[in-house]
file start.pdb (PDB, C-alpha atoms)
ATOM      1  CA  MET L 200     -10.763  -0.043 -12.180  1.00  0.00           C
ATOM      2  CA  SER L 201      -8.122  -2.586 -11.300  1.00  0.00           C
ATOM      3  CA  PHE L 202      -4.572  -1.438 -11.902  1.00  0.00           C
ATOM      4  CA  LEU L 203      -2.753  -4.682 -11.133  1.00  0.00           C
ATOM      5  CA  ARG L 204      -1.776  -7.115 -13.806  1.00  0.00           C
ATOM      6  CA  ARG L 205      -3.452 -10.436 -13.172  1.00  0.00           C
ATOM      7  CA  ARG L 206      -1.090 -13.356 -12.636  1.00  0.00           C
ATOM      8  CA  SER L 207      -3.709 -15.911 -13.596  1.00  0.00           C
ATOM      9  CA  SER L 208      -7.168 -16.069 -15.062  1.00  0.00           C
ATOM     10  CA  ALA L 209      -8.681 -16.903 -11.660  1.00  0.00           C
ATOM     11  CA  THR L 210     -10.925 -14.201 -10.283  1.00  0.00           C
ATOM     12  CA  PRO L 211     -10.218 -13.746  -6.587  1.00  0.00           C
ATOM     13  CA  ALA L 212     -13.223 -14.040  -4.323  1.00  0.00           C
ATOM     14  CA  GLY L 213     -12.126 -11.007  -2.312  1.00  0.00           C
ATOM     15  CA  PRO L 214     -10.343 -10.648   0.996  1.00  0.00           C
ATOM     16  CA  ASP L 215     -11.381 -12.360   4.201  1.00  0.00           C
ATOM     17  CA  PHE L 216      -9.934  -9.435   6.170  1.00  0.00           C
ATOM     18  CA  ASP L 217     -10.785  -5.756   6.570  1.00  0.00           C
ATOM     19  CA  VAL L 218      -8.641  -3.400   4.507  1.00  0.00           C
ATOM     20  CA  LEU L 219      -7.019  -0.511   6.346  1.00  0.00           C
ATOM     21  CA  ALA L 220      -7.013   2.539   4.064  1.00  0.00           C
ATOM     22  CA  MET L 221      -8.355   6.054   3.638  1.00  0.00           C
ATOM     23  CA  ASP L 222     -12.071   6.155   2.996  1.00  0.00           C
ATOM     24  CA  PRO L 223     -12.693   6.839  -0.713  1.00  0.00           C
ATOM     25  CA  GLY L 224     -14.956   9.748   0.269  1.00  0.00           C
ATOM     26  CA  ASP L 225     -12.053  11.449   2.083  1.00  0.00           C
ATOM     27  CA  TRP L 226      -9.817  11.563  -1.002  1.00  0.00           C
ATOM     28  CA  PRO L 227     -10.042  14.507  -3.445  1.00  0.00           C
ATOM     29  CA  GLY L 228      -9.060  12.482  -6.532  1.00  0.00           C
ATOM     30  CA  ASN L 229      -9.673   9.175  -8.250  1.00  0.00           C
ATOM     31  CA  LEU L 230      -9.369   5.859  -6.438  1.00  0.00           C
ATOM     32  CA  GLY L 231      -8.535   2.502  -7.958  1.00  0.00           C
ATOM     33  CA  ALA L 232      -8.497  -0.832  -6.155  1.00  0.00           C
ATOM     34  CA  GLY L 233      -6.845  -4.091  -7.109  1.00  0.00           C
ATOM     35  CA  LEU L 234      -6.866  -7.606  -5.721  1.00  0.00           C
ATOM     36  CA  LEU L 235      -3.771  -9.791  -5.864  1.00  0.00           C
ATOM     37  CA  PRO L 236      -4.949 -13.344  -6.600  1.00  0.00           C
ATOM     38  CA  ALA L 237      -3.264 -16.619  -5.705  1.00  0.00           C
ATOM     39  CA  PRO L 238      -3.361 -19.450  -8.267  1.00  0.00           C
ATOM     40  CA  ASP L 239      -6.300 -20.977  -6.355  1.00  0.00           C
ATOM     41  CA  GLY L 240      -8.274 -17.728  -6.665  1.00  0.00           C
ATOM     42  CA  SER L 241      -7.926 -16.672  -3.029  1.00  0.00           C
ATOM     43  CA  CYS L 242      -7.089 -13.049  -2.246  1.00  0.00           C
ATOM     44  CA  GLN L 243      -3.416 -12.525  -1.396  1.00  0.00           C
ATOM     45  CA  GLY L 244      -3.670  -8.778  -0.952  1.00  0.00           C
ATOM     46  CA  VAL L 245      -5.612  -5.604  -1.648  1.00  0.00           C
ATOM     47  CA  PHE L 246      -4.060  -2.418  -3.053  1.00  0.00           C
ATOM     48  CA  LEU L 247      -5.633   0.987  -3.284  1.00  0.00           C
ATOM     49  CA  ARG L 248      -4.217   3.583  -5.650  1.00  0.00           C
ATOM     50  CA  TYR L 249      -5.055   7.200  -4.907  1.00  0.00           C
ATOM     51  CA  ASP L 250      -4.659   9.430  -7.984  1.00  0.00           C
ATOM     52  CA  LEU L 251      -4.839  13.193  -7.954  1.00  0.00           C
ATOM     53  CA  PHE L 252      -7.304  15.142 -10.060  1.00  0.00           C
ATOM     54  CA  GLY L 253      -5.998  16.975 -13.082  1.00  0.00           C
ATOM     55  CA  GLY L 254      -4.047  14.051 -14.488  1.00  0.00           C
ATOM     56  CA  ARG L 255      -1.167  14.581 -12.091  1.00  0.00           C
ATOM     57  CA  GLY L 256      -0.780  10.840 -11.613  1.00  0.00           C
ATOM     58  CA  PRO L 257      -0.777   8.564  -8.612  1.00  0.00           C
ATOM     59  CA  ALA L 258       0.042  10.130  -5.285  1.00  0.00           C
ATOM     60  CA  MET L 259      -0.187   7.100  -3.025  1.00  0.00           C
ATOM     61  CA  ILE L 260      -0.620   3.343  -2.931  1.00  0.00           C
ATOM     62  CA  ILE L 261      -1.774   1.554   0.220  1.00  0.00           C
ATOM     63  CA  GLY L 262      -1.424  -2.226   0.313  1.00  0.00           C
ATOM     64  CA  ASN L 263      -2.797  -4.784   2.762  1.00  0.00           C
ATOM     65  CA  LEU L 264      -1.065  -8.171   2.569  1.00  0.00           C
ATOM     66  CA  PRO L 265      -2.211 -11.029   4.802  1.00  0.00           C
ATOM     67  CA  GLU L 266       0.176 -13.489   6.397  1.00  0.00           C
ATOM     68  CA  GLY L 267       1.418 -15.985   3.791  1.00  0.00           C
ATOM     69  CA  SER L 268       1.061 -13.622   0.815  1.00  0.00           C
ATOM     70  CA  SER L 269       3.932 -14.123  -1.635  1.00  0.00           C
ATOM     71  CA  ALA L 270       4.049 -10.341  -2.232  1.00  0.00           C
ATOM     72  CA  ARG L 271       5.349  -9.919   1.336  1.00  0.00           C
ATOM     73  CA  GLU L 272       8.544 -11.806   0.528  1.00  0.00           C
ATOM     74  CA  THR L 273      11.337  -9.396  -0.388  1.00  0.00           C
ATOM     75  CA  ALA L 274      15.080  -9.916  -0.544  1.00  0.00           C
ATOM     76  CA  GLU L 275      17.593  -7.657   1.204  1.00  0.00           C
ATOM     77  CA  GLY L 276      17.409  -4.188  -0.371  1.00  0.00           C
ATOM     78  CA  GLU L 277      14.390  -5.097  -2.532  1.00  0.00           C
ATOM     79  CA  ILE L 278      11.509  -2.616  -2.619  1.00  0.00           C
ATOM     80  CA  PRO L 279       8.027  -3.558  -1.388  1.00  0.00           C
ATOM     81  CA  PHE L 280       5.412  -4.545  -3.964  1.00  0.00           C
ATOM     82  CA  GLU L 281       3.530  -1.273  -3.402  1.00  0.00           C
ATOM     83  CA  VAL L 282       6.601   0.803  -4.325  1.00  0.00           C
ATOM     84  CA  ALA L 283       7.028  -1.276  -7.490  1.00  0.00           C
ATOM     85  CA  GLN L 284       3.364  -0.650  -8.375  1.00  0.00           C
ATOM     86  CA  LEU L 285       3.803   3.091  -7.759  1.00  0.00           C
ATOM     87  CA  LEU L 286       6.844   3.191 -10.054  1.00  0.00           C
ATOM     88  CA  LEU L 287       4.958   1.208 -12.703  1.00  0.00           C
ATOM     89  CA  ALA L 288       1.989   3.594 -12.533  1.00  0.00           C
ATOM     90  CA  LEU L 289       4.349   6.558 -12.870  1.00  0.00           C
ATOM     91  CA  GLU L 290       6.068   4.858 -15.836  1.00  0.00           C
ATOM     92  CA  ASN L 291       9.338   5.259 -13.951  1.00  0.00           C
ATOM     93  CA  ASP L 292      11.705   2.420 -14.822  1.00  0.00           C
ATOM     94  CA  GLU L 293      14.665   3.531 -12.698  1.00  0.00           C
ATOM     95  CA  GLU L 294      16.085   0.892 -10.400  1.00  0.00           C
ATOM     96  CA  VAL L 295      15.128   1.710  -6.817  1.00  0.00           C
ATOM     97  CA  THR L 296      16.439  -0.071  -3.720  1.00  0.00           C
ATOM     98  CA  VAL L 297      15.910   0.080   0.027  1.00  0.00           C
ATOM     99  CA  VAL L 298      18.992   1.694   1.570  1.00  0.00           C
ATOM    100  CA  GLY L 299      17.880   1.777   5.208  1.00  0.00           C
ATOM    101  CA  THR L 300      15.039   1.419   7.713  1.00  0.00           C
ATOM    102  CA  GLU L 301      14.016   3.096  10.946  1.00  0.00           C
ATOM    103  CA  ASP L 302      11.368   1.954  13.467  1.00  0.00           C
ATOM    104  CA  VAL L 303       9.197   4.781  14.824  1.00  0.00           C
ATOM    105  CA  PRO L 304       6.312   4.576  17.361  1.00  0.00           C
ATOM    106  CA  VAL L 305       3.082   6.201  16.089  1.00  0.00           C
ATOM    107  CA  MET L 306      -0.392   6.417  17.621  1.00  0.00           C
ATOM    108  CA  GLN L 307      -3.375   5.452  15.489  1.00  0.00           C
ATOM    109  CA  GLY L 308      -6.433   6.171  17.587  1.00  0.00           C
ATOM    110  CA  ASP L 309      -5.881   4.185  20.788  1.00  0.00           C
ATOM    111  CA  ASN L 310      -3.369   1.833  19.150  1.00  0.00           C
ATOM    112  CA  LEU L 311       0.399   2.150  19.260  1.00  0.00           C
ATOM    113  CA  LEU L 312       1.951   1.174  15.946  1.00  0.00           C
ATOM    114  CA  ILE L 313       5.608   0.445  15.402  1.00  0.00           C
ATOM    115  CA  VAL L 314       6.038   1.931  11.939  1.00  0.00           C
ATOM    116  CA  ARG L 315       9.020   0.939   9.820  1.00  0.00           C
ATOM    117  CA  ARG L 316      10.111   3.877   7.658  1.00  0.00           C
ATOM    118  CA  LEU L 317      11.978   2.708   4.573  1.00  0.00           C
ATOM    119  CA  LYS L 318      14.652   4.950   3.128  1.00  0.00           C
ATOM    120  CA  LEU L 319      14.840   4.407  -0.629  1.00  0.00           C
ATOM    121  CA  SER L 320      17.459   5.261  -3.232  1.00  0.00           C
ATOM    122  CA  GLU L 321      14.762   7.395  -4.950  1.00  0.00           C
ATOM    123  CA  SER L 322      14.245  10.232  -2.455  1.00  0.00           C
ATOM    124  CA  ARG L 323      10.911  11.335  -3.998  1.00  0.00           C
ATOM    125  CA  ILE L 324       9.269   8.127  -2.707  1.00  0.00           C
ATOM    126  CA  SER L 325       8.164   7.895   0.919  1.00  0.00           C
ATOM    127  CA  CYS L 326       7.366   4.423   2.240  1.00  0.00           C
ATOM    128  CA  VAL L 327       6.218   3.072   5.594  1.00  0.00           C
ATOM    129  CA  GLN L 328       5.093  -0.364   6.789  1.00  0.00           C
ATOM    130  CA  PHE L 329       3.442  -1.719   9.901  1.00  0.00           C
ATOM    131  CA  ASP L 330       1.915  -5.001  11.034  1.00  0.00           C
ATOM    132  CA  ARG L 331      -1.663  -5.062  12.268  1.00  0.00           C
ATOM    133  CA  SER L 332      -2.793  -7.210  15.196  1.00  0.00           C
ATOM    134  CA  ASP L 333      -4.341  -9.680  12.692  1.00  0.00           C
ATOM    135  CA  ASN L 334      -0.930 -10.139  10.969  1.00  0.00           C
ATOM    136  CA  VAL L 335      -1.872  -8.108   7.880  1.00  0.00           C
ATOM    137  CA  LEU L 336       1.093  -6.035   6.647  1.00  0.00           C
ATOM    138  CA  VAL L 337       0.115  -2.488   5.653  1.00  0.00           C
ATOM    139  CA  THR L 338       2.467  -0.651   3.294  1.00  0.00           C
ATOM    140  CA  ILE L 339       2.004   2.975   2.240  1.00  0.00           C
ATOM    141  CA  ALA L 340       4.033   4.325  -0.676  1.00  0.00           C
ATOM    142  CA  ALA L 341       3.707   7.992  -1.650  1.00  0.00           C
ATOM    143  CA  TRP L 342       5.200   9.961  -4.520  1.00  0.00           C
ATOM    144  CA  ASP L 343       6.789  13.357  -3.939  1.00  0.00           C
ATOM    145  CA  ARG L 344       5.219  13.963  -0.525  1.00  0.00           C
ATOM    146  CA  PRO L 345       6.221  12.895   2.973  1.00  0.00           C
ATOM    147  CA  ILE L 346       4.078  10.483   4.971  1.00  0.00           C
ATOM    148  CA  THR L 347       3.238  12.343   8.172  1.00  0.00           C
ATOM    149  CA  ASP L 348       1.648  11.141  11.396  1.00  0.00           C
ATOM    150  CA  ASP L 349      -1.592  12.861  10.328  1.00  0.00           C
ATOM    151  CA  LEU L 350      -2.126  10.169   7.701  1.00  0.00           C
ATOM    152  CA  TYR L 351      -2.503   7.412  10.306  1.00  0.00           C
ATOM    153  CA  ALA L 352      -5.526   9.215  11.776  1.00  0.00           C
ATOM    154  CA  LEU L 353      -7.226   8.993   8.345  1.00  0.00           C
ATOM    155  CA  LEU L 354      -6.787   5.215   8.037  1.00  0.00           C
ATOM    156  CA  LYS L 355      -9.992   3.266   8.635  1.00  0.00           C
ATOM    157  CA  PRO L 356     -10.977  -0.373   8.250  1.00  0.00           C
ATOM    158  CA  LEU L 357     -12.918  -0.765   5.021  1.00  0.00           C
ATOM    159  CA  PRO L 358     -15.061  -3.913   5.038  1.00  0.00           C
ATOM    160  CA  PRO L 359     -14.091  -6.796   2.739  1.00  0.00           C
ATOM    161  CA  GLU L 360     -17.509  -6.550   1.044  1.00  0.00           C
ATOM    162  CA  LEU L 361     -16.254  -3.441  -0.788  1.00  0.00           C
ATOM    163  CA  PHE L 362     -13.756  -5.617  -2.652  1.00  0.00           C
ATOM    164  CA  GLN L 363     -15.877  -8.616  -3.607  1.00  0.00           C
ATOM    165  CA  GLY L 364     -15.396  -9.509  -7.265  1.00  0.00           C
TER     166      GLY L 364
END

call {"tool": "encode", "arguments": {"input": "start.pdb", "output": "structure tokens"}}
result
Amino acid sequence: MSFLRRRSSATPAGPDFDVLAMDPGDWPGNLGAGLLPAPDGSCQGVFLRYDLFGGRGPAMIIGNLPEGSSARETAEGEIPFEVAQLLLALENDEEVTVVGTEDVPVMQGDNLLIVRRLKLSESRISCVQFDRSDNVLVTIAAWDRPITDDLYALLKPLPPELFQG
């Protein structure tokens, strides 16, 4: 079920943090999950890929990257790891860059999130990022559909036990 290419032969033990994502039961398609391992086998991130039924391909990738994860490090204009994974899954090899950002306040339950909307050179990709109170960076990348405020209401903490290898 994993859709990430492994960087090493180490099997990550799983995250030591809850993963914020849509519950698999709330999604009308196929769900894949991947763990990003560090060389020591620790979990450096969790990514969920939501595919649509009917072979229409991936619609969304949600990533959770803890503080210190190498996948969080991006250069000026470089796309987030989740956008790169979405492009890879779509077999789209066009070069895509970040051309701008905008910070927007959004409510998620009782929490106020400062969401960073990324404007990309590929207009069919929507991408947002926000930091959780436990310093986990959440990135949502969607193909050919806008990310609306309604999505934040669907995000729930999924326990780390779901992702144990």

call {"tool": "resolve_selection", "arguments": {"input": "start.pdb", "expression": "the PyMOL selection byres ((chain L and resi 254-271) around 6)", "output": "list in words"}}
result
Gln243, Gly244, Val245, Phe246, Leu247, Arg248, Tyr249, Asp250, Leu251, Phe252, Gly253, Glu272, Asn334, Val335, Leu336, Val337, Thr338, Ile339, Ala340, Ala341 and Trp342 of chain L

call {"tool": "atom_distance", "arguments": {"input": "start.pdb", "atom1": "atom CA of L:Leu361", "atom2": "atom CA of L:Asp239"}}
result
20.9 Å

call {"tool": "atom_distance", "arguments": {"input": "start.pdb", "atom1": "atom CA of L:Gly276", "atom2": "atom CA of L:Val298"}}
result
6.4 Å

call {"tool": "atom_distance", "arguments": {"input": "start.pdb", "atom1": "atom CA of L:Val297", "atom2": "atom CA of L:Leu285"}}
result
14.7 Å

call {"tool": "residues_around", "arguments": {"input": "start.pdb", "residues": "stretch 302-312 of chain L", "least_positions_apart": "6", "cutoff": "9 Å", "atoms": "only C-alpha atoms", "output": "VMD selection string"}}
result
chain L and resid 329 to 331 348 351 to 354

call {"tool": "resolve_selection", "arguments": {"input": "start.pdb", "expression": "the PyMOL selection byres ((chain L and resi 362) around 9)", "output": "PyMOL selection string"}}
result
chain L and resi 212-214+232-234+245+358-361+363-364

call {"tool": "closest_residue", "arguments": {"input": "start.pdb", "among": "L:Asp349, L:Asp217, L:Asp225, L:Glu281", "to": "L:Gln328", "atoms": "only C-alpha atoms"}}
result
L:Glu281

call {"tool": "resolve_selection", "arguments": {"input": "start.pdb", "expression": "the PyMOL selection byres ((chain L and resi 316-324) around 6)", "output": "ChimeraX atom specification"}}
result
/L:295-301,315,325-327,341-343
